[in-house]
Every structure is written in C-alpha cells, then in structure tokens.
$ cat final14.cif   # mmCIF, N, CA and C atoms
data_entry
loop_
_atom_site.label_atom_id
_atom_site.label_comp_id
_atom_site.auth_asym_id
_atom_site.auth_seq_id
_atom_site.Cartn_x
_atom_site.Cartn_y
_atom_site.Cartn_z
N MET A 1 0.87 24.82 6.19
CA MET A 1 1.16 23.67 5.35
C MET A 1 1.37 22.44 6.24
N CYS A 2 0.72 21.38 5.92
CA CYS A 2 0.85 20.13 6.66
C CYS A 2 2.24 19.53 6.42
N ASP A 3 2.86 19.03 7.47
CA ASP A 3 4.20 18.45 7.36
C ASP A 3 4.13 16.92 7.38
N CYS A 4 3.05 16.38 6.87
CA CYS A 4 2.83 14.94 6.87
C CYS A 4 3.30 14.33 5.54
N ALA A 5 4.17 13.34 5.61
CA ALA A 5 4.69 12.70 4.40
C ALA A 5 3.59 12.03 3.58
N ILE A 6 2.60 11.45 4.26
CA ILE A 6 1.50 10.81 3.56
C ILE A 6 0.64 11.87 2.86
N CYS A 7 0.38 12.99 3.53
CA CYS A 7 -0.37 14.08 2.89
C CYS A 7 0.35 14.58 1.63
N HIS A 8 1.67 14.65 1.68
CA HIS A 8 2.43 15.08 0.50
C HIS A 8 2.27 14.08 -0.63
N ARG A 9 2.28 12.79 -0.31
CA ARG A 9 2.07 11.76 -1.34
C ARG A 9 0.67 11.87 -1.93
N VAL A 10 -0.32 12.05 -1.06
CA VAL A 10 -1.70 12.18 -1.51
C VAL A 10 -1.83 13.39 -2.44
N GLU A 11 -1.19 14.48 -2.08
CA GLU A 11 -1.23 15.68 -2.93
C GLU A 11 -0.63 15.39 -4.31
N GLN A 12 0.49 14.69 -4.35
CA GLN A 12 1.11 14.29 -5.63
C GLN A 12 0.15 13.42 -6.44
N LEU A 13 -0.46 12.48 -5.77
CA LEU A 13 -1.39 11.57 -6.43
C LEU A 13 -2.59 12.32 -7.00
N GLN A 14 -3.10 13.27 -6.24
CA GLN A 14 -4.24 14.06 -6.71
C GLN A 14 -3.89 14.90 -7.93
N LYS A 15 -2.62 15.25 -8.07
CA LYS A 15 -2.16 16.03 -9.22
C LYS A 15 -1.77 15.12 -10.40
N GLY A 16 -1.86 13.80 -10.20
CA GLY A 16 -1.47 12.86 -11.24
C GLY A 16 0.03 12.78 -11.42
N ALA A 17 0.78 13.12 -10.38
CA ALA A 17 2.23 13.20 -10.48
C ALA A 17 2.94 12.07 -9.75
N ASN A 18 2.37 10.89 -9.77
CA ASN A 18 3.02 9.78 -9.06
C ASN A 18 2.83 8.49 -9.86
N PRO A 19 3.91 7.97 -10.46
CA PRO A 19 3.81 6.76 -11.28
C PRO A 19 3.53 5.48 -10.47
N ALA A 20 3.56 5.60 -9.16
CA ALA A 20 3.29 4.44 -8.31
C ALA A 20 1.80 4.13 -8.19
N LEU A 21 0.95 5.03 -8.70
CA LEU A 21 -0.50 4.85 -8.55
C LEU A 21 -0.98 3.59 -9.27
N ILE A 22 -1.70 2.78 -8.53
CA ILE A 22 -2.37 1.62 -9.10
C ILE A 22 -3.84 1.97 -9.37
N TYR A 23 -4.49 2.55 -8.33
CA TYR A 23 -5.91 2.85 -8.48
C TYR A 23 -6.33 3.89 -7.45
N GLU A 24 -7.23 4.76 -7.86
CA GLU A 24 -7.83 5.71 -6.93
C GLU A 24 -9.21 5.21 -6.54
N PHE A 25 -9.34 4.83 -5.28
CA PHE A 25 -10.62 4.44 -4.71
C PHE A 25 -11.34 5.71 -4.24
N PRO A 26 -12.62 5.62 -3.88
CA PRO A 26 -13.32 6.81 -3.38
C PRO A 26 -12.66 7.45 -2.15
N HIS A 27 -12.07 6.63 -1.27
CA HIS A 27 -11.52 7.15 -0.01
C HIS A 27 -10.01 7.00 0.13
N SER A 28 -9.37 6.33 -0.82
CA SER A 28 -7.95 6.04 -0.66
C SER A 28 -7.25 5.91 -2.01
N PHE A 29 -5.93 5.96 -1.93
CA PHE A 29 -5.09 5.70 -3.10
C PHE A 29 -4.34 4.38 -2.86
N PHE A 30 -4.34 3.54 -3.84
CA PHE A 30 -3.65 2.25 -3.83
C PHE A 30 -2.39 2.44 -4.67
N ILE A 31 -1.23 2.32 -4.03
CA ILE A 31 0.03 2.60 -4.73
C ILE A 31 1.08 1.51 -4.52
N MET A 32 2.05 1.49 -5.42
CA MET A 32 3.20 0.60 -5.29
C MET A 32 4.08 1.09 -4.15
N GLY A 33 4.70 0.15 -3.47
CA GLY A 33 5.71 0.52 -2.49
C GLY A 33 6.98 0.96 -3.21
N ASP A 34 7.76 1.80 -2.56
CA ASP A 34 9.00 2.28 -3.18
C ASP A 34 10.01 1.16 -3.39
N HIS A 35 9.96 0.18 -2.52
CA HIS A 35 10.86 -0.97 -2.68
C HIS A 35 10.03 -2.21 -2.96
N GLN A 36 10.69 -3.21 -3.49
CA GLN A 36 10.03 -4.48 -3.76
C GLN A 36 10.83 -5.62 -3.14
N TYR A 37 11.31 -5.41 -1.92
CA TYR A 37 11.95 -6.49 -1.18
C TYR A 37 10.99 -7.68 -1.13
N TYR A 38 9.72 -7.37 -0.90
CA TYR A 38 8.65 -8.35 -0.99
C TYR A 38 7.91 -8.04 -2.29
N SER A 39 7.98 -8.92 -3.25
CA SER A 39 7.34 -8.68 -4.54
C SER A 39 5.85 -8.42 -4.37
N GLY A 40 5.41 -7.25 -4.87
CA GLY A 40 4.02 -6.88 -4.75
C GLY A 40 3.71 -6.00 -3.56
N TYR A 41 4.73 -5.56 -2.84
CA TYR A 41 4.52 -4.68 -1.69
C TYR A 41 3.84 -3.39 -2.14
N CYS A 42 2.73 -3.06 -1.49
CA CYS A 42 1.95 -1.87 -1.84
C CYS A 42 1.50 -1.14 -0.58
N LEU A 43 0.90 0.01 -0.80
CA LEU A 43 0.34 0.82 0.28
C LEU A 43 -1.06 1.26 -0.10
N LEU A 44 -1.89 1.45 0.91
CA LEU A 44 -3.20 2.05 0.72
C LEU A 44 -3.21 3.29 1.62
N LEU A 45 -3.38 4.47 1.02
CA LEU A 45 -3.31 5.74 1.73
C LEU A 45 -4.68 6.38 1.81
N TYR A 46 -5.15 6.64 3.02
CA TYR A 46 -6.41 7.36 3.19
C TYR A 46 -6.21 8.78 2.67
N LYS A 47 -7.18 9.30 1.95
CA LYS A 47 -7.03 10.61 1.30
C LYS A 47 -7.01 11.78 2.28
N GLN A 48 -7.69 11.65 3.40
CA GLN A 48 -7.78 12.74 4.38
C GLN A 48 -6.75 12.53 5.48
N HIS A 49 -6.30 13.63 6.05
CA HIS A 49 -5.35 13.51 7.17
C HIS A 49 -6.11 13.18 8.45
N VAL A 50 -6.09 11.92 8.79
CA VAL A 50 -6.68 11.41 10.02
C VAL A 50 -5.63 10.54 10.67
N ARG A 51 -5.44 10.71 11.94
CA ARG A 51 -4.36 10.03 12.66
C ARG A 51 -4.72 8.59 13.07
N GLU A 52 -5.98 8.37 13.44
CA GLU A 52 -6.38 7.07 13.99
C GLU A 52 -7.64 6.54 13.32
N LEU A 53 -7.70 5.24 13.10
CA LEU A 53 -8.87 4.62 12.49
C LEU A 53 -10.15 4.86 13.30
N HIS A 54 -10.03 4.82 14.61
CA HIS A 54 -11.23 4.99 15.45
C HIS A 54 -11.81 6.40 15.37
N GLU A 55 -11.07 7.34 14.78
CA GLU A 55 -11.57 8.70 14.60
C GLU A 55 -12.54 8.79 13.42
N LEU A 56 -12.59 7.76 12.59
CA LEU A 56 -13.49 7.73 11.43
C LEU A 56 -14.85 7.18 11.84
N ASN A 57 -15.90 7.65 11.18
CA ASN A 57 -17.21 7.08 11.48
C ASN A 57 -17.28 5.65 10.92
N THR A 58 -18.27 4.92 11.37
CA THR A 58 -18.40 3.50 11.02
C THR A 58 -18.49 3.28 9.52
N GLU A 59 -19.21 4.15 8.82
CA GLU A 59 -19.36 4.01 7.37
C GLU A 59 -18.02 4.13 6.66
N LEU A 60 -17.19 5.10 7.09
CA LEU A 60 -15.87 5.26 6.48
C LEU A 60 -14.96 4.09 6.83
N GLN A 61 -15.02 3.60 8.05
CA GLN A 61 -14.22 2.44 8.43
C GLN A 61 -14.56 1.26 7.53
N THR A 62 -15.84 1.03 7.31
CA THR A 62 -16.30 -0.07 6.46
C THR A 62 -15.86 0.13 5.02
N ALA A 63 -16.00 1.34 4.50
CA ALA A 63 -15.60 1.63 3.12
C ALA A 63 -14.11 1.43 2.93
N LEU A 64 -13.31 1.89 3.89
CA LEU A 64 -11.85 1.71 3.78
C LEU A 64 -11.47 0.24 3.85
N HIS A 65 -12.14 -0.51 4.70
CA HIS A 65 -11.86 -1.94 4.79
C HIS A 65 -12.17 -2.62 3.45
N ARG A 66 -13.26 -2.24 2.82
CA ARG A 66 -13.63 -2.79 1.51
C ARG A 66 -12.53 -2.47 0.48
N GLU A 67 -12.05 -1.23 0.48
CA GLU A 67 -10.98 -0.84 -0.45
C GLU A 67 -9.70 -1.62 -0.17
N LEU A 68 -9.38 -1.80 1.11
CA LEU A 68 -8.20 -2.58 1.50
C LEU A 68 -8.31 -4.02 1.00
N MET A 69 -9.48 -4.61 1.13
CA MET A 69 -9.67 -5.99 0.70
C MET A 69 -9.63 -6.11 -0.84
N GLN A 70 -10.12 -5.12 -1.55
CA GLN A 70 -10.03 -5.13 -3.01
C GLN A 70 -8.57 -5.03 -3.45
N ALA A 71 -7.82 -4.15 -2.80
CA ALA A 71 -6.40 -4.02 -3.11
C ALA A 71 -5.65 -5.32 -2.82
N THR A 72 -5.95 -5.89 -1.66
CA THR A 72 -5.30 -7.15 -1.27
C THR A 72 -5.62 -8.26 -2.26
N SER A 73 -6.87 -8.37 -2.67
CA SER A 73 -7.27 -9.41 -3.64
C SER A 73 -6.49 -9.28 -4.94
N ALA A 74 -6.28 -8.04 -5.39
CA ALA A 74 -5.53 -7.82 -6.64
C ALA A 74 -4.07 -8.25 -6.48
N ILE A 75 -3.48 -7.97 -5.34
CA ILE A 75 -2.09 -8.39 -5.09
C ILE A 75 -2.00 -9.91 -5.06
N VAL A 76 -2.93 -10.55 -4.36
CA VAL A 76 -2.93 -12.01 -4.26
C VAL A 76 -3.09 -12.64 -5.65
N LYS A 77 -4.01 -12.11 -6.43
CA LYS A 77 -4.23 -12.66 -7.77
C LYS A 77 -3.00 -12.46 -8.67
N THR A 78 -2.32 -11.35 -8.51
CA THR A 78 -1.16 -11.05 -9.34
C THR A 78 0.08 -11.83 -8.93
N PHE A 79 0.32 -11.99 -7.62
CA PHE A 79 1.58 -12.55 -7.14
C PHE A 79 1.49 -13.91 -6.47
N SER A 80 0.32 -14.38 -6.13
CA SER A 80 0.12 -15.68 -5.47
C SER A 80 1.03 -15.88 -4.25
N PRO A 81 0.99 -14.95 -3.29
CA PRO A 81 1.83 -15.13 -2.11
C PRO A 81 1.31 -16.23 -1.19
N TRP A 82 2.16 -16.65 -0.29
CA TRP A 82 1.80 -17.64 0.73
C TRP A 82 0.88 -17.00 1.77
N LYS A 83 1.11 -15.73 2.06
CA LYS A 83 0.40 -15.02 3.14
C LYS A 83 0.46 -13.53 2.83
N ILE A 84 -0.47 -12.78 3.39
CA ILE A 84 -0.45 -11.31 3.29
C ILE A 84 -0.37 -10.73 4.70
N ASN A 85 0.52 -9.78 4.90
CA ASN A 85 0.57 -9.01 6.14
C ASN A 85 -0.03 -7.64 5.88
N HIS A 86 -0.94 -7.22 6.75
CA HIS A 86 -1.52 -5.87 6.70
C HIS A 86 -1.02 -5.13 7.93
N CYS A 87 -0.43 -3.99 7.71
CA CYS A 87 0.08 -3.20 8.83
C CYS A 87 -0.45 -1.77 8.75
N CYS A 88 -1.11 -1.34 9.79
CA CYS A 88 -1.61 0.03 9.91
C CYS A 88 -1.14 0.53 11.26
N LEU A 89 0.05 1.08 11.28
CA LEU A 89 0.67 1.46 12.54
C LEU A 89 0.59 2.95 12.83
N GLY A 90 1.15 3.76 11.96
CA GLY A 90 1.11 5.21 12.13
C GLY A 90 2.07 5.76 13.16
N ASN A 91 3.04 4.99 13.58
CA ASN A 91 4.00 5.49 14.57
C ASN A 91 4.97 6.51 13.97
N THR A 92 5.33 6.31 12.73
CA THR A 92 6.24 7.23 12.05
C THR A 92 5.47 8.27 11.27
N ASP A 93 4.55 7.82 10.43
CA ASP A 93 3.68 8.71 9.66
C ASP A 93 2.30 8.65 10.27
N GLU A 94 1.94 9.69 11.01
CA GLU A 94 0.68 9.73 11.76
C GLU A 94 -0.48 10.09 10.84
N HIS A 95 -0.78 9.18 9.96
CA HIS A 95 -1.83 9.36 8.95
C HIS A 95 -2.31 7.95 8.62
N VAL A 96 -3.61 7.72 8.61
CA VAL A 96 -4.12 6.37 8.36
C VAL A 96 -3.65 5.87 7.00
N HIS A 97 -2.95 4.75 7.03
CA HIS A 97 -2.46 4.08 5.82
C HIS A 97 -2.12 2.64 6.17
N TRP A 98 -2.09 1.79 5.17
CA TRP A 98 -1.74 0.39 5.36
C TRP A 98 -0.56 0.03 4.49
N HIS A 99 0.30 -0.81 5.04
CA HIS A 99 1.31 -1.50 4.27
C HIS A 99 0.68 -2.86 3.94
N ILE A 100 0.67 -3.22 2.68
CA ILE A 100 0.13 -4.52 2.26
C ILE A 100 1.33 -5.31 1.76
N ILE A 101 1.70 -6.32 2.54
CA ILE A 101 2.98 -6.99 2.33
C ILE A 101 2.77 -8.46 1.99
N PRO A 102 2.97 -8.82 0.72
CA PRO A 102 2.89 -10.24 0.37
C PRO A 102 4.09 -10.98 0.96
N ARG A 103 3.84 -12.14 1.49
CA ARG A 103 4.92 -12.95 2.05
C ARG A 103 4.97 -14.26 1.29
N TYR A 104 6.17 -14.78 1.14
CA TYR A 104 6.41 -15.99 0.34
C TYR A 104 7.20 -16.98 1.17
N LEU A 105 7.00 -18.25 0.91
CA LEU A 105 7.76 -19.28 1.63
C LEU A 105 9.25 -19.12 1.39
N SER A 106 9.62 -18.50 0.29
CA SER A 106 11.03 -18.29 -0.03
C SER A 106 11.64 -17.08 0.69
N ASP A 107 10.81 -16.28 1.39
CA ASP A 107 11.33 -15.13 2.14
C ASP A 107 12.26 -15.61 3.24
N PRO A 108 13.34 -14.88 3.47
CA PRO A 108 14.11 -15.20 4.68
C PRO A 108 13.24 -14.85 5.89
N ASP A 109 13.19 -15.74 6.82
CA ASP A 109 12.42 -15.51 8.05
C ASP A 109 10.94 -15.22 7.76
N TYR A 110 10.34 -15.99 6.89
CA TYR A 110 8.97 -15.72 6.42
C TYR A 110 7.92 -15.76 7.52
N ARG A 111 8.20 -16.36 8.64
CA ARG A 111 7.22 -16.39 9.73
C ARG A 111 7.42 -15.25 10.74
N LYS A 112 8.36 -14.39 10.48
CA LYS A 112 8.63 -13.28 11.39
C LYS A 112 8.10 -11.98 10.81
N HIS A 113 8.14 -10.91 11.58
CA HIS A 113 7.60 -9.62 11.15
C HIS A 113 8.33 -9.12 9.89
N PRO A 114 7.62 -8.38 9.04
CA PRO A 114 8.19 -7.99 7.74
C PRO A 114 9.28 -6.92 7.81
N TRP A 115 9.52 -6.31 8.95
CA TRP A 115 10.57 -5.29 9.05
C TRP A 115 11.89 -5.85 9.56
N LEU A 116 11.97 -7.14 9.72
CA LEU A 116 13.19 -7.77 10.21
C LEU A 116 14.39 -7.46 9.31
N HIS A 117 14.16 -7.36 8.01
CA HIS A 117 15.24 -7.09 7.05
C HIS A 117 15.13 -5.69 6.44
N ALA A 118 14.58 -4.75 7.20
CA ALA A 118 14.36 -3.38 6.69
C ALA A 118 15.65 -2.72 6.21
N ASP A 119 16.77 -3.08 6.79
CA ASP A 119 18.04 -2.49 6.35
C ASP A 119 18.40 -2.90 4.92
N GLU A 120 17.71 -3.89 4.36
CA GLU A 120 17.96 -4.34 2.99
C GLU A 120 16.96 -3.76 1.98
N PHE A 121 15.93 -3.08 2.44
CA PHE A 121 14.88 -2.57 1.54
C PHE A 121 15.45 -1.64 0.48
N SER A 122 16.37 -0.77 0.85
CA SER A 122 16.89 0.23 -0.10
C SER A 122 17.58 -0.42 -1.29
N ALA A 123 18.07 -1.62 -1.13
CA ALA A 123 18.70 -2.34 -2.25
C ALA A 123 17.66 -2.85 -3.25
N HIS A 124 16.40 -2.71 -2.90
CA HIS A 124 15.30 -3.21 -3.74
C HIS A 124 14.37 -2.09 -4.21
N PHE A 125 14.87 -0.83 -4.16
CA PHE A 125 14.07 0.28 -4.70
C PHE A 125 13.88 0.06 -6.19
N ILE A 126 12.73 0.48 -6.70
CA ILE A 126 12.46 0.36 -8.13
C ILE A 126 12.24 1.75 -8.72
N ASP A 127 12.56 1.88 -10.00
CA ASP A 127 12.39 3.18 -10.65
C ASP A 127 10.94 3.38 -11.08
N ASP A 128 10.66 4.59 -11.55
CA ASP A 128 9.29 4.95 -11.91
C ASP A 128 8.72 4.06 -13.01
N ALA A 129 9.54 3.70 -13.97
CA ALA A 129 9.06 2.85 -15.07
C ALA A 129 8.64 1.48 -14.55
N ARG A 130 9.42 0.93 -13.65
CA ARG A 130 9.10 -0.39 -13.08
C ARG A 130 7.85 -0.29 -12.20
N LYS A 131 7.71 0.81 -11.44
CA LYS A 131 6.50 1.01 -10.63
C LYS A 131 5.27 0.99 -11.52
N ALA A 132 5.33 1.72 -12.61
CA ALA A 132 4.19 1.80 -13.52
C ALA A 132 3.89 0.44 -14.14
N GLU A 133 4.92 -0.30 -14.46
CA GLU A 133 4.75 -1.64 -15.07
C GLU A 133 4.05 -2.60 -14.09
N ILE A 134 4.53 -2.64 -12.87
CA ILE A 134 3.93 -3.53 -11.86
C ILE A 134 2.52 -3.05 -11.51
N ALA A 135 2.35 -1.73 -11.39
CA ALA A 135 1.02 -1.17 -11.08
C ALA A 135 0.00 -1.60 -12.11
N ALA A 136 0.38 -1.60 -13.39
CA ALA A 136 -0.54 -2.01 -14.46
C ALA A 136 -0.92 -3.48 -14.31
N LEU A 137 0.02 -4.33 -13.93
CA LEU A 137 -0.26 -5.75 -13.73
C LEU A 137 -1.27 -5.96 -12.60
N ILE A 138 -1.09 -5.23 -11.52
CA ILE A 138 -1.98 -5.36 -10.37
C ILE A 138 -3.37 -4.80 -10.70
N LYS A 139 -3.41 -3.65 -11.37
CA LYS A 139 -4.68 -3.00 -11.69
C LYS A 139 -5.60 -3.91 -12.50
N VAL A 140 -5.04 -4.69 -13.40
CA VAL A 140 -5.83 -5.63 -14.21
C VAL A 140 -6.60 -6.60 -13.32
N ASN A 141 -6.05 -6.90 -12.15
CA ASN A 141 -6.65 -7.89 -11.26
C ASN A 141 -7.51 -7.29 -10.14
N LEU A 142 -7.79 -5.99 -10.21
CA LEU A 142 -8.64 -5.37 -9.19
C LEU A 142 -10.09 -5.81 -9.33
N PRO A 143 -10.67 -6.32 -8.27
CA PRO A 143 -12.09 -6.71 -8.31
C PRO A 143 -13.00 -5.52 -7.99
N ILE A 144 -13.02 -4.55 -8.88
CA ILE A 144 -13.78 -3.33 -8.64
C ILE A 144 -15.27 -3.58 -8.85
N LYS A 145 -16.05 -3.13 -7.89
CA LYS A 145 -17.50 -3.29 -7.96
C LYS A 145 -18.15 -1.93 -7.80
#

$ encode --input "final14.cif" --output "structure tokens"
Amino acid sequence: MCDCAICHRVEQLQKGANPALIYEFPHSFFIMGDHQYYSGYCLLLYKQHVRELHELNTELQTALHRELMQATSAIVKTFSPWKINHCCLGNTDEHVHWHIIPRYLSDPDYRKHPWLHADEFSAHFIDDARKAEIAALIKVNLPIK
C-alpha cells in the first residue's frame, strides 16, 4: 500500500468520496484547498504517483500544463485576484501536484511567499458543504475544451 497522502486523496476522488472535487481532467483532479486563507485556494493533483515533473514524457507535461492553466483561468474568473502563485514543490508530499494560490492586494504581506502566514491556515478550514459550494462556483468558469 502506498503511503502517499496525495495518492490517498486521488483514491478518494476516484471513488467519488471527496466534496472538494471541482473537476476531473484526463490527467489530474482539480480540488478545493482544505483552507481558504486565500479565497479560491485550490490544488491540482496528478492522478499517477510520480515524484518529479521531469519524469513525465513531454506530451504528459504539456497536457498537465494545459489542465493547470484551465484550472487557473477558472479561479481568476471566479475570484478576480491581483496575482496567482503556482507552487509545485513536492518536498513534503513527493507526488506531482500544484498549489494554486490567488493573491489579493488586501492580503497581509501580499508580495511575499504564500506560506508566511501558514500558522493561520487552520483558522480558515472550511467544511464539506462550503467546499462543494465554492467548487460549484469555480466549475462554472472552467474553460473546458
């Protein structure tokens, strides 16, 4: 059994057991973030357990980038942020995924990295009903082709 937190989320999503789901792309799941410290914070999770982007062939890299940009466009259209931060680190969860973080001029320290106030994220957790509500708003704005 894989001990990867992202793989566990993907498994839940594949079973239809995750209210955070916004959209299932061919290669990834677009989901709400557990917290909304930054309104519209979402994640894009690659469906397969791969540790590094460079391990994917060029076609998959291109397809994932397209899915990431479609997800980002929907967030921008829904929330009108000042800026979007994309983070694909994998230092904690060694599985290809992106944090899509809308930034606003009203954010404290809006020009600094988005984890500066990470100790406050837990105060902004949202329940399943709210995840589903926000997910529906974003899904309406997906530029699916």

$ closest_residue --input "final14.cif" --among "A:His27, A:His117, A:Arg51, A:Arg130" --to "A:Leu89" --atoms "only N, CA and C atoms"
A:Arg51

$ closest_residue --input "final14.cif" --among "A:Met32, A:Val96, A:Ile144, A:Ile101" --to "A:Gln61" --atoms "only C-alpha atoms"
A:Val96

$ atom_distance --input "final14.cif" --atom1 "atom C of A:Gln70" --atom2 "atom N of A:Tyr23"
9.9 Å

$ atom_distance --input "final14.cif" --atom1 "atom N of A:Asp128" --atom2 "atom CA of A:Trp82"
26.9 Å

$ resolve_selection --input "final14.cif" --expression "the PyMOL selection byres ((chain A and resi 37-47) around 6)" --output "compact mmCIF listing (two decimals) with N, CA and C atoms, in the coordinates of the input"
# COMPACT_ATOMS: atom_id res chain seq x y z
N HIS A 27 -12.07 6.63 -1.27
CA HIS A 27 -11.52 7.15 -0.01
C HIS A 27 -10.01 7.00 0.13
N SER A 28 -9.37 6.33 -0.82
CA SER A 28 -7.95 6.04 -0.66
C SER A 28 -7.25 5.91 -2.01
N PHE A 29 -5.93 5.96 -1.93
CA PHE A 29 -5.09 5.70 -3.10
C PHE A 29 -4.34 4.38 -2.86
N PHE A 30 -4.34 3.54 -3.84
CA PHE A 30 -3.65 2.25 -3.83
C PHE A 30 -2.39 2.44 -4.67
N ILE A 31 -1.23 2.32 -4.03
CA ILE A 31 0.03 2.60 -4.73
C ILE A 31 1.08 1.51 -4.52
N MET A 32 2.05 1.49 -5.42
CA MET A 32 3.20 0.60 -5.29
C MET A 32 4.08 1.09 -4.15
N GLY A 33 4.70 0.15 -3.47
CA GLY A 33 5.71 0.52 -2.49
C GLY A 33 6.98 0.96 -3.21
N HIS A 35 9.96 0.18 -2.52
CA HIS A 35 10.86 -0.97 -2.68
C HIS A 35 10.03 -2.21 -2.96
N GLN A 36 10.69 -3.21 -3.49
CA GLN A 36 10.03 -4.48 -3.76
C GLN A 36 10.83 -5.62 -3.14
N GLN A 48 -7.69 11.65 3.40
CA GLN A 48 -7.78 12.74 4.38
C GLN A 48 -6.75 12.53 5.48
N HIS A 49 -6.30 13.63 6.05
CA HIS A 49 -5.35 13.51 7.17
C HIS A 49 -6.11 13.18 8.45
N VAL A 96 -3.61 7.72 8.61
CA VAL A 96 -4.12 6.37 8.36
C VAL A 96 -3.65 5.87 7.00
N HIS A 97 -2.95 4.75 7.03
CA HIS A 97 -2.46 4.08 5.82
C HIS A 97 -2.12 2.64 6.17
N TRP A 98 -2.09 1.79 5.17
CA TRP A 98 -1.74 0.39 5.36
C TRP A 98 -0.56 0.03 4.49
N HIS A 99 0.30 -0.81 5.04
CA HIS A 99 1.31 -1.50 4.27
C HIS A 99 0.68 -2.86 3.94
N ILE A 100 0.67 -3.22 2.68
CA ILE A 100 0.13 -4.52 2.26
C ILE A 100 1.33 -5.31 1.76
N ILE A 101 1.70 -6.32 2.54
CA ILE A 101 2.98 -6.99 2.33
C ILE A 101 2.77 -8.46 1.99
N PRO A 102 2.97 -8.82 0.72
CA PRO A 102 2.89 -10.24 0.37
C PRO A 102 4.09 -10.98 0.96
N PHE A 121 15.93 -3.08 2.44
CA PHE A 121 14.88 -2.57 1.54
C PHE A 121 15.45 -1.64 0.48
N HIS A 124 16.40 -2.71 -2.90
CA HIS A 124 15.30 -3.21 -3.74
C HIS A 124 14.37 -2.09 -4.21

$ residues_around --input "final14.cif" --residues "A:His8" --least-positions-apart "3" --cutoff "12 Å" --atoms "only C-alpha atoms" --output "PyMOL selection string"
chain A and resi 1-5+11-15+17-18+45+47-49+93+95

$ atom_distance --input "final14.cif" --atom1 "atom CA of A:Lys139" --atom2 "atom CA of A:Cys87"
21.1 Å

$ residues_around --input "final14.cif" --residues "A:Ala71" --least-positions-apart "5" --cutoff "7 Å" --atoms "all atoms listed in the file" --output "list in words"
Phe30, Arg66, Val76, Leu142 and Pro143 of chain A

$ select_by_dssp --input "final14.cif" --residues "stretch 25-130 of chain A" --states "strand (DSSP E or B)" --output "list in words"
Ser28, Phe29, Phe30, Ile31, Met32, His35, Cys42, Leu43, Leu44, Leu45, Tyr46, Lys83, Ile84, Asn85, His86, Cys87, His97, Trp98, His99, Ile100, Ile101, Pro102, Arg103 and Phe125 of chain A

$ write_last_selection --input "final14.cif" --atoms "N, CA and C atoms" --output "mmCIF file, keeping the file's coordinate frame"
data_model
loop_
_atom_site.group_PDB
_atom_site.id
_atom_site.type_symbol
_atom_site.label_atom_id
_atom_site.label_comp_id
_atom_site.auth_asym_id
_atom_site.auth_seq_id
_atom_site.Cartn_x
_atom_site.Cartn_y
_atom_site.Cartn_z
ATOM 1 N N SER A 28 -9.370 6.330 -0.820
ATOM 2 C CA SER A 28 -7.950 6.040 -0.660
ATOM 3 C C SER A 28 -7.250 5.910 -2.010
ATOM 4 N N PHE A 29 -5.930 5.960 -1.930
ATOM 5 C CA PHE A 29 -5.090 5.700 -3.100
ATOM 6 C C PHE A 29 -4.340 4.380 -2.860
ATOM 7 N N PHE A 30 -4.340 3.540 -3.840
ATOM 8 C CA PHE A 30 -3.650 2.250 -3.830
ATOM 9 C C PHE A 30 -2.390 2.440 -4.670
ATOM 10 N N ILE A 31 -1.230 2.320 -4.030
ATOM 11 C CA ILE A 31 0.030 2.600 -4.730
ATOM 12 C C ILE A 31 1.080 1.510 -4.520
ATOM 13 N N MET A 32 2.050 1.490 -5.420
ATOM 14 C CA MET A 32 3.200 0.600 -5.290
ATOM 15 C C MET A 32 4.080 1.090 -4.150
ATOM 16 N N HIS A 35 9.960 0.180 -2.520
ATOM 17 C CA HIS A 35 10.860 -0.970 -2.680
ATOM 18 C C HIS A 35 10.030 -2.210 -2.960
ATOM 19 N N CYS A 42 2.730 -3.060 -1.490
ATOM 20 C CA CYS A 42 1.950 -1.870 -1.840
ATOM 21 C C CYS A 42 1.500 -1.140 -0.580
ATOM 22 N N LEU A 43 0.900 0.010 -0.800
ATOM 23 C CA LEU A 43 0.340 0.820 0.280
ATOM 24 C C LEU A 43 -1.060 1.260 -0.100
ATOM 25 N N LEU A 44 -1.890 1.450 0.910
ATOM 26 C CA LEU A 44 -3.200 2.050 0.720
ATOM 27 C C LEU A 44 -3.210 3.290 1.620
ATOM 28 N N LEU A 45 -3.380 4.470 1.020
ATOM 29 C CA LEU A 45 -3.310 5.740 1.730
ATOM 30 C C LEU A 45 -4.680 6.380 1.810
ATOM 31 N N TYR A 46 -5.150 6.640 3.020
ATOM 32 C CA TYR A 46 -6.410 7.360 3.190
ATOM 33 C C TYR A 46 -6.210 8.780 2.670
ATOM 34 N N LYS A 83 1.110 -15.730 2.060
ATOM 35 C CA LYS A 83 0.400 -15.020 3.140
ATOM 36 C C LYS A 83 0.460 -13.530 2.830
ATOM 37 N N ILE A 84 -0.470 -12.780 3.390
ATOM 38 C CA ILE A 84 -0.450 -11.310 3.290
ATOM 39 C C ILE A 84 -0.370 -10.730 4.700
ATOM 40 N N ASN A 85 0.520 -9.780 4.900
ATOM 41 C CA ASN A 85 0.570 -9.010 6.140
ATOM 42 C C ASN A 85 -0.030 -7.640 5.880
ATOM 43 N N HIS A 86 -0.940 -7.220 6.750
ATOM 44 C CA HIS A 86 -1.520 -5.870 6.700
ATOM 45 C C HIS A 86 -1.020 -5.130 7.930
ATOM 46 N N CYS A 87 -0.430 -3.990 7.710
ATOM 47 C CA CYS A 87 0.080 -3.200 8.830
ATOM 48 C C CYS A 87 -0.450 -1.770 8.750
ATOM 49 N N HIS A 97 -2.950 4.750 7.030
ATOM 50 C CA HIS A 97 -2.460 4.080 5.820
ATOM 51 C C HIS A 97 -2.120 2.640 6.170
ATOM 52 N N TRP A 98 -2.090 1.790 5.170
ATOM 53 C CA TRP A 98 -1.740 0.390 5.360
ATOM 54 C C TRP A 98 -0.560 0.030 4.490
ATOM 55 N N HIS A 99 0.300 -0.810 5.040
ATOM 56 C CA HIS A 99 1.310 -1.500 4.270
ATOM 57 C C HIS A 99 0.680 -2.860 3.940
ATOM 58 N N ILE A 100 0.670 -3.220 2.680
ATOM 59 C CA ILE A 100 0.130 -4.520 2.260
ATOM 60 C C ILE A 100 1.330 -5.310 1.760
ATOM 61 N N ILE A 101 1.700 -6.320 2.540
ATOM 62 C CA ILE A 101 2.980 -6.990 2.330
ATOM 63 C C ILE A 101 2.770 -8.460 1.990
ATOM 64 N N PRO A 102 2.970 -8.820 0.720
ATOM 65 C CA PRO A 102 2.890 -10.240 0.370
ATOM 66 C C PRO A 102 4.090 -10.980 0.960
ATOM 67 N N ARG A 103 3.840 -12.140 1.490
ATOM 68 C CA ARG A 103 4.920 -12.950 2.050
ATOM 69 C C ARG A 103 4.970 -14.260 1.290
ATOM 70 N N PHE A 125 14.870 -0.830 -4.160
ATOM 71 C CA PHE A 125 14.070 0.280 -4.700
ATOM 72 C C PHE A 125 13.880 0.060 -6.190
#

$ select_by_dssp --input "final14.cif" --residues "chain A" --states "alpha helix (DSSP H)" --output "PyMOL selection string"
chain A and resi 5-14+58-79+128-140
